[in-house]
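Everything below belongs to input.pdb, which stores PDB, C-alpha atoms, pLDDT in the B column.
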MODEL        1
ATOM      1  CA  TRP M   6      99.496 -23.068  95.885  1.00 43.00           C
ATOM      2  CA  THR M   7      97.964 -26.506  96.101  1.00 48.00           C
ATOM      3  CA  SER M   8      94.354 -27.035  97.059  1.00 49.00           C
ATOM      4  CA  GLY M   9      93.611 -29.610  99.630  1.00 52.00           C
ATOM      5  CA  PRO M  10      91.240 -32.518  99.139  1.00 52.00           C
ATOM      6  CA  SER M  11      87.540 -31.799  98.841  1.00 50.00           C
ATOM      7  CA  PRO M  12      85.577 -32.230 101.991  1.00 49.00           C
ATOM      8  CA  SER M  13      83.870 -35.568 102.165  1.00 51.00           C
ATOM      9  CA  ARG M  14      80.052 -35.761 101.621  1.00 51.00           C
ATOM     10  CA  PRO M  15      77.725 -38.085 103.395  1.00 50.00           C
ATOM     11  CA  PRO M  16      76.710 -41.123 101.363  1.00 51.00           C
ATOM     12  CA  GLY M  17      73.565 -40.628  99.192  1.00 50.00           C
ATOM     13  CA  SER M  18      73.729 -36.823  99.239  1.00 48.00           C
ATOM     14  CA  THR M  19      73.412 -34.826  96.004  1.00 48.00           C
ATOM     15  CA  THR M  20      74.270 -31.341  94.960  1.00 48.00           C
ATOM     16  CA  SER M  21      71.276 -28.989  94.940  1.00 47.00           C
ATOM     17  CA  SER M  22      70.634 -25.305  94.564  1.00 47.00           C
ATOM     18  CA  PRO M  23      70.803 -23.471  97.906  1.00 49.00           C
ATOM     19  CA  SER M  24      67.652 -21.489  96.966  1.00 50.00           C
ATOM     20  CA  LYS M  25      65.554 -24.548  95.899  1.00 48.00           C
ATOM     21  CA  PRO M  26      66.328 -27.439  98.207  1.00 49.00           C
ATOM     22  CA  ARG M  27      65.424 -30.871  96.874  1.00 51.00           C
ATOM     23  CA  ILE M  28      62.556 -32.567  98.572  1.00 47.00           C
ATOM     24  CA  ASP M  29      62.687 -36.312  98.534  1.00 52.00           C
ATOM     25  CA  GLY M  30      59.860 -38.723  99.237  1.00 55.00           C
ATOM     26  CA  LEU M  31      57.100 -37.161  97.001  1.00 50.00           C
ATOM     27  CA  PRO M  32      54.810 -39.630  95.173  1.00 51.00           C
ATOM     28  CA  PRO M  33      55.352 -39.906  91.389  1.00 54.00           C
ATOM     29  CA  ARG M  34      53.296 -37.574  89.183  1.00 50.00           C
ATOM     30  CA  PRO M  35      50.318 -39.353  87.562  1.00 44.00           C
ATOM     31  CA  ALA M  36      50.516 -39.885  83.808  1.00 47.00           C
ATOM     32  CA  ALA M  37      47.240 -37.981  83.258  1.00 41.00           C
ATOM     33  CA  SER M  38      44.886 -35.996  85.419  1.00 38.00           C
ATOM     34  CA  PRO M  39      41.812 -38.036  86.474  1.00 38.00           C
ATOM     35  CA  LEU M  40      39.630 -35.014  85.619  1.00 36.00           C
ATOM     36  CA  THR M  41      40.859 -34.907  82.023  1.00 37.00           C
ATOM     37  CA  PRO M  42      39.911 -38.073  80.163  1.00 38.00           C
ATOM     38  CA  THR M  43      42.427 -39.572  77.831  1.00 36.00           C
ATOM     39  CA  PRO M  44      41.475 -39.775  74.145  1.00 38.00           C
ATOM     40  CA  ALA M  45      40.642 -43.467  74.459  1.00 35.00           C
ATOM     41  CA  ARG M  46      38.452 -42.822  77.506  1.00 35.00           C
ATOM     42  CA  ALA M  47      36.710 -39.901  75.772  1.00 36.00           C
ATOM     43  CA  CYS M  48      35.958 -42.015  72.692  1.00 34.00           C
ATOM     44  CA  ALA M  49      34.514 -44.795  74.827  1.00 33.00           C
ATOM     45  CA  SER M  50      32.374 -42.294  76.715  1.00 34.00           C
ATOM     46  CA  ASN M  51      30.994 -40.786  73.506  1.00 36.00           C
ATOM     47  CA  ALA M  52      30.289 -44.212  72.062  1.00 35.00           C
ATOM     48  CA  ALA M  53      28.357 -45.203  75.175  1.00 35.00           C
ATOM     49  CA  GLU M  54      26.278 -42.030  75.148  1.00 35.00           C
ATOM     50  CA  SER M  55      25.528 -41.848  71.419  1.00 41.00           C
ATOM     51  CA  PRO M  56      22.510 -44.228  71.319  1.00 40.00           C
ATOM     52  CA  GLU M  57      20.797 -42.391  74.145  1.00 42.00           C
ATOM     53  CA  ASP M  58      21.560 -39.000  72.617  1.00 49.00           C
ATOM     54  CA  ALA M  59      20.270 -40.101  69.207  1.00 49.00           C
ATOM     55  CA  SER M  60      16.973 -41.374  70.588  1.00 55.00           C
ATOM     56  CA  GLY M  61      16.420 -38.178  72.544  1.00 69.00           C
ATOM     57  CA  ARG M  62      17.164 -35.716  69.750  1.00 86.00           C
ATOM     58  CA  GLU M  63      14.224 -33.599  68.645  1.00 92.00           C
ATOM     59  CA  ILE M  64      13.545 -32.939  64.988  1.00 94.00           C
ATOM     60  CA  VAL M  65      11.679 -30.326  62.958  1.00 94.00           C
ATOM     61  CA  LEU M  66      10.117 -30.567  59.502  1.00 95.00           C
ATOM     62  CA  GLU M  67       9.750 -27.170  57.821  1.00 95.00           C
ATOM     63  CA  LEU M  68       7.512 -26.807  54.776  1.00 95.00           C
ATOM     64  CA  THR M  69       8.854 -24.465  52.113  1.00 95.00           C
ATOM     65  CA  GLY M  70       8.516 -23.681  48.404  1.00 94.00           C
ATOM     66  CA  ALA M  71       6.622 -21.514  45.926  1.00 93.00           C
ATOM     67  CA  ASN M  72       3.373 -23.392  46.620  1.00 94.00           C
ATOM     68  CA  VAL M  73       3.491 -22.665  50.345  1.00 95.00           C
ATOM     69  CA  ASN M  74       1.290 -19.847  51.584  1.00 95.00           C
ATOM     70  CA  ASP M  75       2.774 -16.834  53.319  1.00 94.00           C
ATOM     71  CA  VAL M  76       2.155 -17.982  56.882  1.00 93.00           C
ATOM     72  CA  PRO M  77       4.299 -17.710  60.029  1.00 91.00           C
ATOM     73  CA  LEU M  78       6.997 -20.304  60.647  1.00 90.00           C
ATOM     74  CA  ASP M  79       5.067 -22.075  63.391  1.00 89.00           C
ATOM     75  CA  GLU M  80       2.147 -22.632  60.975  1.00 91.00           C
ATOM     76  CA  ARG M  81       4.278 -24.562  58.460  1.00 93.00           C
ATOM     77  CA  CYS M  82       6.413 -26.662  60.806  1.00 93.00           C
ATOM     78  CA  ILE M  83       6.035 -30.028  62.497  1.00 94.00           C
ATOM     79  CA  GLY M  84       7.844 -30.295  65.822  1.00 90.00           C
ATOM     80  CA  PRO M  85      10.039 -30.047  67.749  1.00 92.00           C
ATOM     81  CA  ILE M  86       9.313 -33.715  68.369  1.00 91.00           C
ATOM     82  CA  THR M  87      11.308 -36.747  69.493  1.00 92.00           C
ATOM     83  CA  LEU M  88      11.026 -40.123  67.782  1.00 93.00           C
ATOM     84  CA  ALA M  89      12.180 -42.070  70.824  1.00 90.00           C
ATOM     85  CA  HIS M  90       8.740 -43.485  71.596  1.00 89.00           C
ATOM     86  CA  ARG M  91       6.895 -43.511  68.271  1.00 92.00           C
ATOM     87  CA  PRO M  92       7.488 -42.684  64.597  1.00 95.00           C
ATOM     88  CA  LEU M  93       6.225 -39.548  62.898  1.00 96.00           C
ATOM     89  CA  PHE M  94       3.601 -39.953  60.169  1.00 97.00           C
ATOM     90  CA  VAL M  95       3.162 -37.082  57.715  1.00 96.00           C
ATOM     91  CA  GLY M  96       0.119 -36.582  55.503  1.00 95.00           C
ATOM     92  CA  ARG M  97      -3.343 -35.079  55.276  1.00 94.00           C
ATOM     93  CA  LYS M  98      -4.686 -37.562  57.811  1.00 95.00           C
ATOM     94  CA  HIS M  99      -2.118 -36.576  60.420  1.00 95.00           C
ATOM     95  CA  GLN M 100      -1.658 -32.802  59.924  1.00 94.00           C
ATOM     96  CA  PRO M 101      -4.908 -31.726  58.226  1.00 94.00           C
ATOM     97  CA  GLU M 102      -5.072 -28.220  59.658  1.00 93.00           C
ATOM     98  CA  LEU M 103      -1.415 -27.407  59.051  1.00 94.00           C
ATOM     99  CA  LEU M 104      -1.461 -28.588  55.435  1.00 95.00           C
ATOM    100  CA  ARG M 105      -4.781 -26.934  54.663  1.00 94.00           C
ATOM    101  CA  ASN M 106      -3.491 -23.569  55.910  1.00 94.00           C
ATOM    102  CA  ALA M 107       0.089 -23.774  54.636  1.00 95.00           C
ATOM    103  CA  VAL M 108      -0.243 -25.361  51.174  1.00 94.00           C
ATOM    104  CA  GLU M 109      -1.967 -23.756  48.196  1.00 93.00           C
ATOM    105  CA  LYS M 110      -5.317 -25.343  47.480  1.00 92.00           C
ATOM    106  CA  GLU M 111      -4.312 -26.517  44.001  1.00 90.00           C
ATOM    107  CA  CYS M 112      -1.472 -28.636  45.455  1.00 91.00           C
ATOM    108  CA  LEU M 113      -3.361 -30.365  48.259  1.00 91.00           C
ATOM    109  CA  GLN M 114      -4.427 -33.111  45.848  1.00 89.00           C
ATOM    110  CA  PHE M 115      -0.792 -34.216  45.554  1.00 91.00           C
ATOM    111  CA  LEU M 116      -0.475 -34.770  49.315  1.00 93.00           C
ATOM    112  CA  SER M 117      -1.579 -38.248  50.340  1.00 93.00           C
ATOM    113  CA  ARG M 118      -3.383 -39.044  53.558  1.00 94.00           C
ATOM    114  CA  ASP M 119      -0.307 -41.092  54.494  1.00 96.00           C
ATOM    115  CA  HIS M 120       2.632 -39.572  52.616  1.00 97.00           C
ATOM    116  CA  PHE M 121       5.703 -40.840  54.510  1.00 97.00           C
ATOM    117  CA  ARG M 122       6.900 -41.972  57.929  1.00 97.00           C
ATOM    118  CA  ILE M 123      10.091 -41.008  59.779  1.00 97.00           C
ATOM    119  CA  SER M 124      11.477 -43.205  62.554  1.00 95.00           C
ATOM    120  CA  LEU M 125      14.723 -44.242  64.248  1.00 94.00           C
ATOM    121  CA  ASP M 126      16.790 -47.111  62.936  1.00 91.00           C
ATOM    122  CA  GLU M 127      18.603 -49.671  65.085  1.00 87.00           C
ATOM    123  CA  GLY M 128      21.745 -47.546  65.173  1.00 88.00           C
ATOM    124  CA  GLY M 129      19.978 -44.419  66.382  1.00 87.00           C
ATOM    125  CA  GLY M 130      19.891 -42.702  62.976  1.00 93.00           C
ATOM    126  CA  PHE M 131      16.838 -41.568  61.048  1.00 96.00           C
ATOM    127  CA  LYS M 132      15.035 -43.367  58.227  1.00 96.00           C
ATOM    128  CA  MET M 133      12.026 -42.619  56.033  1.00 97.00           C
ATOM    129  CA  LEU M 134       9.427 -45.037  54.714  1.00 97.00           C
ATOM    130  CA  VAL M 135       7.540 -43.854  51.614  1.00 97.00           C
ATOM    131  CA  LEU M 136       3.776 -44.407  51.849  1.00 97.00           C
ATOM    132  CA  THR M 137       2.560 -42.408  48.844  1.00 94.00           C
ATOM    133  CA  GLN M 138       2.321 -43.238  45.159  1.00 92.00           C
ATOM    134  CA  ASN M 139       2.955 -39.608  44.231  1.00 92.00           C
ATOM    135  CA  PRO M 140       6.447 -38.493  43.133  1.00 93.00           C
ATOM    136  CA  ILE M 141       8.845 -37.935  46.042  1.00 95.00           C
ATOM    137  CA  TRP M 142      12.615 -37.484  46.351  1.00 95.00           C
ATOM    138  CA  ARG M 143      15.214 -37.342  49.073  1.00 96.00           C
ATOM    139  CA  ASP M 144      17.531 -34.503  48.091  1.00 95.00           C
ATOM    140  CA  ARG M 145      20.929 -34.367  49.822  1.00 92.00           C
ATOM    141  CA  ARG M 146      23.183 -31.397  49.269  1.00 83.00           C
ATOM    142  CA  GLU M 147      26.412 -33.377  49.650  1.00 79.00           C
ATOM    143  CA  GLY M 148      25.339 -36.582  47.986  1.00 77.00           C
ATOM    144  CA  ALA M 149      23.259 -38.159  45.281  1.00 81.00           C
ATOM    145  CA  SER M 150      19.542 -37.414  45.239  1.00 88.00           C
ATOM    146  CA  ALA M 151      17.170 -40.360  45.135  1.00 91.00           C
ATOM    147  CA  GLU M 152      13.766 -40.688  43.506  1.00 93.00           C
ATOM    148  CA  LEU M 153      11.622 -42.943  45.674  1.00 95.00           C
ATOM    149  CA  ALA M 154       8.594 -45.168  45.239  1.00 94.00           C
ATOM    150  CA  ARG M 155       5.992 -46.463  47.630  1.00 96.00           C
ATOM    151  CA  GLY M 156       7.518 -48.949  50.087  1.00 96.00           C
ATOM    152  CA  ASP M 157      11.069 -47.622  49.769  1.00 96.00           C
ATOM    153  CA  VAL M 158      13.071 -47.094  52.969  1.00 97.00           C
ATOM    154  CA  ILE M 159      15.969 -44.630  52.932  1.00 95.00           C
ATOM    155  CA  ASP M 160      18.165 -42.982  55.536  1.00 95.00           C
ATOM    156  CA  LEU M 161      17.718 -39.327  56.501  1.00 95.00           C
ATOM    157  CA  LYS M 162      20.288 -36.864  57.773  1.00 94.00           C
ATOM    158  CA  PRO M 163      19.775 -33.362  59.175  1.00 93.00           C
ATOM    159  CA  GLY M 164      19.727 -30.956  56.234  1.00 94.00           C
ATOM    160  CA  ASP M 165      18.104 -33.407  53.819  1.00 96.00           C
ATOM    161  CA  ILE M 166      15.187 -32.161  51.728  1.00 96.00           C
ATOM    162  CA  ILE M 167      12.072 -34.250  51.095  1.00 97.00           C
ATOM    163  CA  ALA M 168      10.827 -32.919  47.761  1.00 95.00           C
ATOM    164  CA  LEU M 169       7.184 -33.513  46.838  1.00 94.00           C
ATOM    165  CA  GLY M 170       6.059 -33.700  43.240  1.00 91.00           C
ATOM    166  CA  THR M 171       3.034 -31.546  42.392  1.00 83.00           C
ATOM    167  CA  GLY M 172       2.661 -32.321  38.676  1.00 71.00           C
ATOM    168  CA  GLY M 173       1.797 -35.991  38.637  1.00 67.00           C
ATOM    169  CA  GLU M 174       4.118 -38.280  36.696  1.00 66.00           C
ATOM    170  CA  THR M 175       5.639 -35.323  34.836  1.00 63.00           C
ATOM    171  CA  SER M 176       7.162 -33.870  38.036  1.00 79.00           C
ATOM    172  CA  THR M 177      10.916 -33.443  38.201  1.00 89.00           C
ATOM    173  CA  LEU M 178      13.248 -32.968  41.140  1.00 90.00           C
ATOM    174  CA  ASP M 179      14.102 -29.402  40.111  1.00 90.00           C
ATOM    175  CA  GLU M 180      10.415 -28.485  40.014  1.00 90.00           C
ATOM    176  CA  ALA M 181       9.750 -30.161  43.359  1.00 91.00           C
ATOM    177  CA  ARG M 182      12.674 -28.348  44.999  1.00 89.00           C
ATOM    178  CA  GLN M 183      11.155 -25.010  44.017  1.00 91.00           C
ATOM    179  CA  SER M 184       7.469 -25.776  44.518  1.00 92.00           C
ATOM    180  CA  LEU M 185       6.935 -27.885  47.649  1.00 94.00           C
ATOM    181  CA  CYS M 186       9.340 -29.650  49.990  1.00 95.00           C
ATOM    182  CA  TRP M 187      10.055 -30.438  53.615  1.00 97.00           C
ATOM    183  CA  ILE M 188      13.396 -29.489  55.182  1.00 96.00           C
ATOM    184  CA  PHE M 189      14.449 -32.098  57.760  1.00 97.00           C
ATOM    185  CA  ARG M 190      16.620 -30.772  60.576  1.00 94.00           C
ATOM    186  CA  LEU M 191      17.435 -31.127  64.238  1.00 94.00           C
ATOM    187  CA  ALA M 192      15.544 -28.738  66.484  1.00 91.00           C
ATOM    188  CA  SER M 193      17.606 -25.722  67.517  1.00 89.00           C
ATOM    189  CA  ALA M 194      17.227 -23.720  70.700  1.00 88.00           C
ATOM    190  CA  GLN M 195      15.437 -21.064  68.642  1.00 85.00           C
ATOM    191  CA  ASP M 196      13.007 -23.677  67.289  1.00 84.00           C
ATOM    192  CA  LYS M 197      12.168 -24.856  70.786  1.00 84.00           C
ATOM    193  CA  LEU M 198      11.603 -21.289  71.943  1.00 83.00           C
ATOM    194  CA  VAL M 199       9.542 -20.049  68.993  1.00 80.00           C
ATOM    195  CA  LEU M 200       7.588 -23.123  67.947  1.00 80.00           C
ATOM    196  CA  ARG M 201       6.691 -24.333  71.422  1.00 76.00           C
ATOM    197  CA  SER M 202       5.416 -20.894  72.379  1.00 74.00           C
ATOM    198  CA  SER M 203       2.913 -20.822  69.510  1.00 70.00           C
ATOM    199  CA  PRO M 204      -0.723 -20.855  70.713  1.00 66.00           C
ATOM    200  CA  GLY M 205      -1.674 -24.119  69.015  1.00 59.00           C
ATOM    201  CA  TYR M 206       1.455 -26.194  69.698  1.00 61.00           C
ATOM    202  CA  ARG M 207       0.780 -29.649  71.131  1.00 46.00           C
ATOM    203  CA  GLY M 208       4.082 -31.016  72.352  1.00 45.00           C
ATOM    204  CA  GLY M 209       2.659 -34.206  73.814  1.00 36.00           C
ATOM    205  CA  GLY M 210       0.398 -35.092  70.911  1.00 39.00           C
ATOM    206  CA  GLU M 211       0.776 -38.130  68.698  1.00 43.00           C
ATOM    207  CA  ASP M 212       2.344 -36.181  65.853  1.00 45.00           C
ATOM    208  CA  GLY M 213       3.793 -33.211  67.720  1.00 44.00           C
ATOM    209  CA  VAL M 214       2.078 -30.584  65.599  1.00 44.00           C
ATOM    210  CA  ARG M 215      -0.079 -27.609  66.219  1.00 43.00           C
ATOM    211  CA  SER M 216      -3.632 -28.488  67.072  1.00 39.00           C
ATOM    212  CA  SER M 217      -6.648 -26.585  65.914  1.00 39.00           C
ATOM    213  CA  PRO M 218      -8.136 -24.340  68.593  1.00 38.00           C
ATOM    214  CA  SER M 219     -11.367 -25.567  70.070  1.00 38.00           C
ATOM    215  CA  PRO M 220     -14.368 -23.786  68.575  1.00 41.00           C
ATOM    216  CA  THR M 221     -16.088 -21.244  70.760  1.00 41.00           C
ATOM    217  CA  PRO M 222     -19.351 -22.756  71.981  1.00 43.00           C
ATOM    218  CA  SER M 223     -22.388 -20.946  70.670  1.00 48.00           C
ATOM    219  CA  PRO M 224     -24.915 -19.613  73.195  1.00 47.00           C
ATOM    220  CA  PRO M 225     -28.019 -21.737  73.737  1.00 48.00           C
ATOM    221  CA  GLN M 226     -30.876 -20.846  71.465  1.00 52.00           C
ATOM    222  CA  ASP M 227     -34.597 -20.970  72.006  1.00 52.00           C
ATOM    223  CA  ARG M 228     -35.736 -23.802  69.760  1.00 51.00           C
ATOM    224  CA  ARG M 229     -39.469 -23.184  70.240  1.00 52.00           C
ATOM    225  CA  PRO M 230     -41.215 -22.394  66.955  1.00 49.00           C
ATOM    226  CA  ARG M 231     -41.942 -18.765  66.367  1.00 50.00           C
ATOM    227  CA  SER M 232     -45.444 -17.404  66.152  1.00 47.00           C
ATOM    228  CA  PRO M 233     -46.558 -16.723  62.584  1.00 50.00           C
ATOM    229  CA  GLY M 234     -47.234 -13.163  63.531  1.00 50.00           C
ATOM    230  CA  GLY M 235     -43.742 -12.360  64.744  1.00 49.00           C
ATOM    231  CA  PRO M 236     -41.648 -12.761  67.866  1.00 49.00           C
ATOM    232  CA  GLY M 237     -44.577 -12.555  70.253  1.00 48.00           C
ATOM    233  CA  PRO M 238     -46.066 -15.545  72.088  1.00 47.00           C
ATOM    234  CA  ARG M 239     -47.839 -18.259  70.174  1.00 46.00           C
ATOM    235  CA  VAL M 240     -51.612 -18.284  70.092  1.00 43.00           C
ATOM    236  CA  SER M 241     -51.749 -21.394  72.231  1.00 43.00           C
ATOM    237  CA  GLU M 242     -49.782 -19.601  74.982  1.00 45.00           C
ATOM    238  CA  MET M 243     -52.079 -16.595  75.261  1.00 48.00           C
ATOM    239  CA  PRO M 244     -54.451 -16.513  78.246  1.00 48.00           C
TER
ENDMDL
END
Mind turning this structure into structure tokens?
Amino acid sequence: WTSGPSPSRPPGSTTSSPSKPRIDGLPPRPAASPLTPTPARACASNAAESPEDASGREIVLELTGANVNDVPLDERCIGPITLAHRPLFVGRKHQPELLRNAVEKECLQFLSRDHFRISLDEGGGFKMLVLTQNPIWRDRREGASAELARGDVIDLKPGDIIALGTGGETSTLDEARQSLCWIFRLASAQDKLVLRSSPGYRGGGEDGVRSSPSPTPSPPQDRRPRSPGGPGPRVSEMP
């Protein structure tokens, strides 16, 4: 038996499955979805947003060590505060109430009125200017620690420790780590919830720290001199 010639097909036709007919004329599929940025686009977006994000980040300084009194967290912290508009000065002149309550009396003499200043650098990072003559270190867990002197400027990263010497010129970094230091970190959601809800927090103040409550006004007193004979009327007031 000999098969006959195959039936002719119209020009341009193709073989397709009878259950899934081919549909011609659809536009080509885009190389990437417009809602999913490509790696290059994502990197450019992050680079454009990083300066703004850095300037708006809030920081916290937490005082810790053996020479810190047993007070609640909000009474030994500065912040949350942003450095976008002004630097943060730390010292007895700027946080007198906090330091007086949180630091043992014997160590207050080692805290200068202007101890150091934290601000933003041109790249959006953090830097510290040393203003004290007392011993001070920047201690970094994953890097070399640095002993600083007045006028030194050094970069700060979240997690760095600012160790304060409390033994004069004989202070060492190991002693400062254990006795009195500030932990520098970015403010967490828990920080913003707990610290901002404290009764004395002043979020819009110049240094972003807790403010002392206003004293309760005393009732007016009668300033007239008392009669020598007791609380009765003076002789000149008797009829």
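Selection result for the displayed file, with the PyMOL selection byres ((chain M and resi 156) around 6) as criterion, is M:Val135, M:Arg155, M:Asp157.
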Report task. Do a neighbour search on M:Leu68 at 9 Å with only C-alpha atoms, toss out local chain neighbours closer than 4 positions, and write the hits as a PyMOL selection string. Result -> chain M and resi 73+78+81-83+107-108+185-188
Report task. Write out as a PyMOL selection string the residues lying within 10 Å of M:Lys197, counting all atoms listed in the file and excluding same-chain residues fewer than 4 positions away. Result -> chain M and resi 63+65+84-86+192-193+201-202
Requested in this report: Could you tell me which residues the PyMOL selection byres ((chain M and resi 111) around 12) returns for this structure, as a PyMOL selection string?
Outcome: chain M and resi 72-74+104-105+107-110+112-116+171-172+184-185
Requested in this report: Go ahead and compute the interatomic distance for atom CA of M:Val158 and atom CA of M:Glu102, in Å to one decimal.
Outcome: 27.0 Å
Report summary line: Atom pair atom CA of M:Thr137 + atom CA of M:Leu178, distance 16.2 Å
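Among the candidates M:Asp179, M:Gly130, M:Leu200, M:His99, the residue lying nearest to M:Arg62 is M:Gly130 (atoms considered: all atoms listed in the file).
In this comparison, which uses all atoms listed in the file, the residue of M:Val199, M:Val76, M:Ala71, M:Leu125 approaching M:Ala89 most closely is M:Leu125.
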Requested in this report: Determine the residue membership of the PyMOL selection byres ((chain M and resi 167) around 7) for the file above and supply it as a PyMOL selection string.
Outcome: chain M and resi 142-144+165-166+168-169+186-188
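Counting only C-alpha atoms, the residue from M:Lys98, M:Leu161, M:Ser176, M:Met133 that sits nearest to M:Arg190 is M:Leu161.
You will find atom CA of M:Asp126 at 10.3 Å from atom CA of M:Leu88.
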